[in-house]
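Student: The structure that follows is given in the form of structure tokens.
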Amino acid sequence: MKKLKKLAVLLLALCFASLLTLTAAGATSRAVYMIVNGVPLVSSEAYINENGITMVPLRAVAEALGLSVSWNRETRTVSIVSEDGEHRPVVMLDPGHGGSSPGAVYGGVKEKNLNLAIAKQTREVLEEAGVLVLMTRTGDQDVGLYERTELAAGWCADLFVSIHCNASLDNPEAMGIYTCARGKDSDGWEMADTLRKTMIASTGAANVGTFERPNLAVLRTATMPAALVECGYMSTPAELAQLVQSEYQTQLARGIADGILAALEADFNWTPAEETEETEEETEEETEQAEQDT
Ligand SMILES: [Zn+2]
């Protein structure tokens with residue numbers, strides 16, 4: 001990690017140096033001299049391009065710092081790894097729909113907004129556990145179906161979970177948690193089934209089941225274990241009344257996060273680190289609470 005910090009400092013210094021160069025001489029294409037840990041990188045060709053942007057060869061710098069660099073042409077991913085680097089799991093959460101695609105709409109409630117609210121709360125729980133969480137959208141914008149799994153592949157996500165709410169056209173009383181994966185033989189099946197259980201445990205909602213959905217675009221195109229969860233039926237007024245409640249969304253998020261943490265342990269043998277800092281924070285919070293109470 002120290003090495004990465006050094007790299008960041010070096011890159012910042014270079015950017016700053018380029019600004020100085022530009023303001024001082026107004027140059028647009030002068031050579032840039034690169035020094036890494038005090039050693040000149042003579043063979044590398046850093047330069048300022050026509051737009052005044054300093055271009056630094058990442059590979060040369062990283063390898064000079066003892067890091068290994070790889071490039072995946074298909075996903076357009078640059079991966080830099082240090083020997084002592086610890087892999088932190090990366091989870092891509094995919095709040096369904098967004099922008100011009102509202103998803104199901106019942107009683108003036110749009111599915112896209114419920115999905116985003118639940119996903120954001122799920123992210124919070126996972127981040128607290130030390131998981132690196134990415135989202136296909138964090139606001140109300142259009143995201144293509146293929147773009148969603150492309151993002152997950154590009155960022156080398158370990159797991160992909162799409163979050164939706166359900167609707168039934170023929171059963172006005174349908175209620176409960178529905179999860180799915182590409183197929184029973186897919187690497188997302190266990191996670192989908194676990195998610196169903198953890199979401200039911202956290203919410204007390206009815207059990208609809210875990211299903212094979214080989215034709216859903218996000219499940220079909222995901223290159224990592226992928227599952228899709230349906231948090232409840234918007235078409236059933238009683239369940240819609242729950243889905244719009246922030247507290248119920250918190251329970252759903254807790255259930256989704258629990259399922260994802262279980263999948264991280266099952267698939268990657270990863271468990272949240274027990275931090276001593278956390279207990280200190282808790283104690284601080286408790287003290288604050290006690291002070292407020294008095
Ligand atoms: Zn949906």
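In the structure tokens, the first chain shown is A, the next is B, and so on; residue numbers restart at 1 for each chain, and ligands run from 1 in the order shown.
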Can you pull out every residue with an atom within 8 Å of ligand 1? Use only C-alpha atoms and all ligand atoms and format it as a list of chain:residue names.
Tutor: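 Listed by chain and ascending number, the contacts are A:Gly96, A:His97, A:Gly103, A:Ala104, A:Glu111, A:Lys112, A:Ile163, A:His164, A:Cys165, A:Asn166, A:Glu230.
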Student: Need to verify the contact set: Lys197 (chain A), 12 Å, only C-alpha atoms, exclusion of same-chain residues closer than 5 positions in sequence. Can you return it as a list in words?
Tutor: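 Residues meeting the cut-off are Gly176, Ile177, Tyr178, Thr179, Glu190, Met191, Ala192, Ser202, Thr203, Gly204, Ala205, Ala206, Asn207, Val208, Gly209, Thr210, Val229, Leu252, Arg254, Gly255, Ile256, Ala257, Asp258, Gly259, Ile260 and Ala262 of chain A.
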Student: Would you save the residues of that selection, restricted to C-alpha atoms, as a short mmCIF file (atom, residue, chain, number, x, y, z; two decimals), in the first residue's frame?
Tutor:
data_model
loop_
_atom_site.label_atom_id
_atom_site.label_comp_id
_atom_site.auth_asym_id
_atom_site.auth_seq_id
_atom_site.Cartn_x
_atom_site.Cartn_y
_atom_site.Cartn_z
CA GLY A 176 -42.99 -12.33 -1.31
CA ILE A 177 -39.38 -12.76 -2.27
CA TYR A 178 -38.42 -14.13 -5.69
CA THR A 179 -34.80 -14.67 -6.72
CA GLU A 190 -26.19 -20.83 -4.87
CA MET A 191 -26.09 -17.08 -4.31
CA ALA A 192 -29.63 -16.61 -5.69
CA SER A 202 -34.55 -10.37 7.43
CA THR A 203 -38.05 -9.28 6.35
CA GLY A 204 -40.39 -12.11 7.28
CA ALA A 205 -41.78 -11.88 3.73
CA ALA A 206 -43.40 -14.82 1.96
CA ASN A 207 -41.34 -17.28 -0.04
CA VAL A 208 -42.00 -17.34 -3.78
CA GLY A 209 -38.92 -19.33 -4.73
CA THR A 210 -35.63 -19.40 -6.63
CA VAL A 229 -33.71 -10.44 -6.67
CA LEU A 252 -34.50 -5.86 2.52
CA ARG A 254 -29.84 -6.15 5.27
CA GLY A 255 -31.15 -9.40 3.77
CA ILE A 256 -29.50 -8.76 0.40
CA ALA A 257 -26.20 -7.82 2.07
CA ASP A 258 -26.33 -10.97 4.25
CA GLY A 259 -26.81 -13.11 1.15
CA ILE A 260 -23.93 -11.39 -0.65
CA ALA A 262 -22.54 -15.48 2.54
#
Student: Check which residues of region 136-160 of chain A sit at most 12 Å from region 61-77 of chain A using only C-alpha atoms, and return one row each with the closest pair of atoms and their distance in Å to one decimal, ordered by chain and rising number, as CSV.
Tutor:
residue,atom,partner,partner_atom,distance
A:Glu147,CA,A:Thr75,CA,11.6
A:Thr149,CA,A:Thr75,CA,10.5
A:Glu150,CA,A:Thr75,CA,7.4
A:Leu151,CA,A:Thr75,CA,8.7
A:Ala152,CA,A:Thr75,CA,9.5
A:Ala153,CA,A:Thr75,CA,6.3
A:Gly154,CA,A:Thr75,CA,4.9
A:Trp155,CA,A:Thr77,CA,7.0
A:Cys156,CA,A:Thr77,CA,8.0
A:Ala157,CA,A:Thr77,CA,11.5
Student: Please, which residues of region 24-240 of chain A, numbered as in this document, come out helix (DSSP H, G or I) from DSSP, as a ChimeraX atom specification?
Tutor: /A:24-25,58-64,111-128,145-154,189-203,217-221,237-240
Student: I'd like to know which of A:Ala167, A:Val81, A:Val125, A:Val161 is closest to Cys180 (chain A), using only C-alpha atoms.
Tutor: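 That would be A:Val161, the residue with the smallest distance to Cys180 (chain A).
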Student: Please provide the set of residues having any atom within 12 Å of Thr122 (chain A), restricted to only C-alpha atoms, with same-chain residues fewer than 3 positions apart removed, written as a ChimeraX atom specification.
Tutor: /A:91-95,115-119,125-129,131-135,161-163,199,249-261
Student: Using only C-alpha atoms, pick whichever of A:Met234, A:Ala222, A:Met175, A:Leu159 has the shortest atom-to-atom distance to Pro89 (chain A).
Tutor: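 Nearest candidate to Pro89 (chain A) out of A:Met234, A:Ala222, A:Met175, A:Leu159: A:Leu159.
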Student: Please run DSSP on the backbone and report, as a VMD selection string, all residues within region 42-91 of chain A that come out as strand (DSSP E).
Tutor: chain A and resid 46 to 48 54 to 55 68 to 72 77 to 81 90 to 91
Student: I need the chosen residues saved as a compact mmCIF listing (two decimals), in the first residue's frame, with C-alpha atoms.
Tutor:
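Once everything was written out, this is selection-v3.txt:
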# COMPACT_ATOMS: atom_id res chain seq x y z
CA ALA A 46 6.32 10.67 -20.70
CA TYR A 47 5.20 13.72 -22.60
CA ILE A 48 2.67 16.52 -22.81
CA THR A 54 0.74 15.07 -19.25
CA MET A 55 0.84 11.46 -20.44
CA SER A 68 2.87 -6.00 -12.02
CA VAL A 69 0.60 -4.63 -14.69
CA SER A 70 -1.78 -6.47 -16.97
CA TRP A 71 -4.18 -5.36 -19.67
CA ASN A 72 -7.38 -7.15 -20.65
CA THR A 77 -9.20 -3.29 -17.91
CA VAL A 78 -5.81 -2.23 -16.59
CA SER A 79 -4.96 -4.28 -13.54
CA ILE A 80 -2.10 -3.30 -11.22
CA VAL A 81 -1.10 -5.71 -8.49
CA VAL A 90 -15.77 -6.14 -5.44
CA VAL A 91 -19.55 -6.36 -5.70
Student: Using only C-alpha atoms, find the one residue out of A:Leu243, A:Val143, A:Ala238, A:Val56 that sits nearest to Leu41 (chain A).
Tutor: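 Selected residue with least distance to Leu41 (chain A): A:Val56.
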Student: Need the shell around Asp140 (chain A): protein/DNA/RNA residues with any atom at most 8 Å away, counting only C-alpha atoms. Skip same-chain ones fewer than 5 positions apart. Format as a ChimeraX atom specification?
Tutor: /A:98-99,112-113
Student: Kindly give the distance, in Å, that separates CA of Ser82 (chain A) and CA of Gly38 (chain A), rounded to a single decimal.
Tutor: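 That distance, rounded to one decimal, is 19.6 Å.
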Student: State, in Å with one decimal place, the distance from CA of Trp270 (chain A) to CA of Glu247 (chain A).
Tutor: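 Separating CA of Trp270 (chain A) from CA of Glu247 (chain A) is a distance of 28.5 Å.
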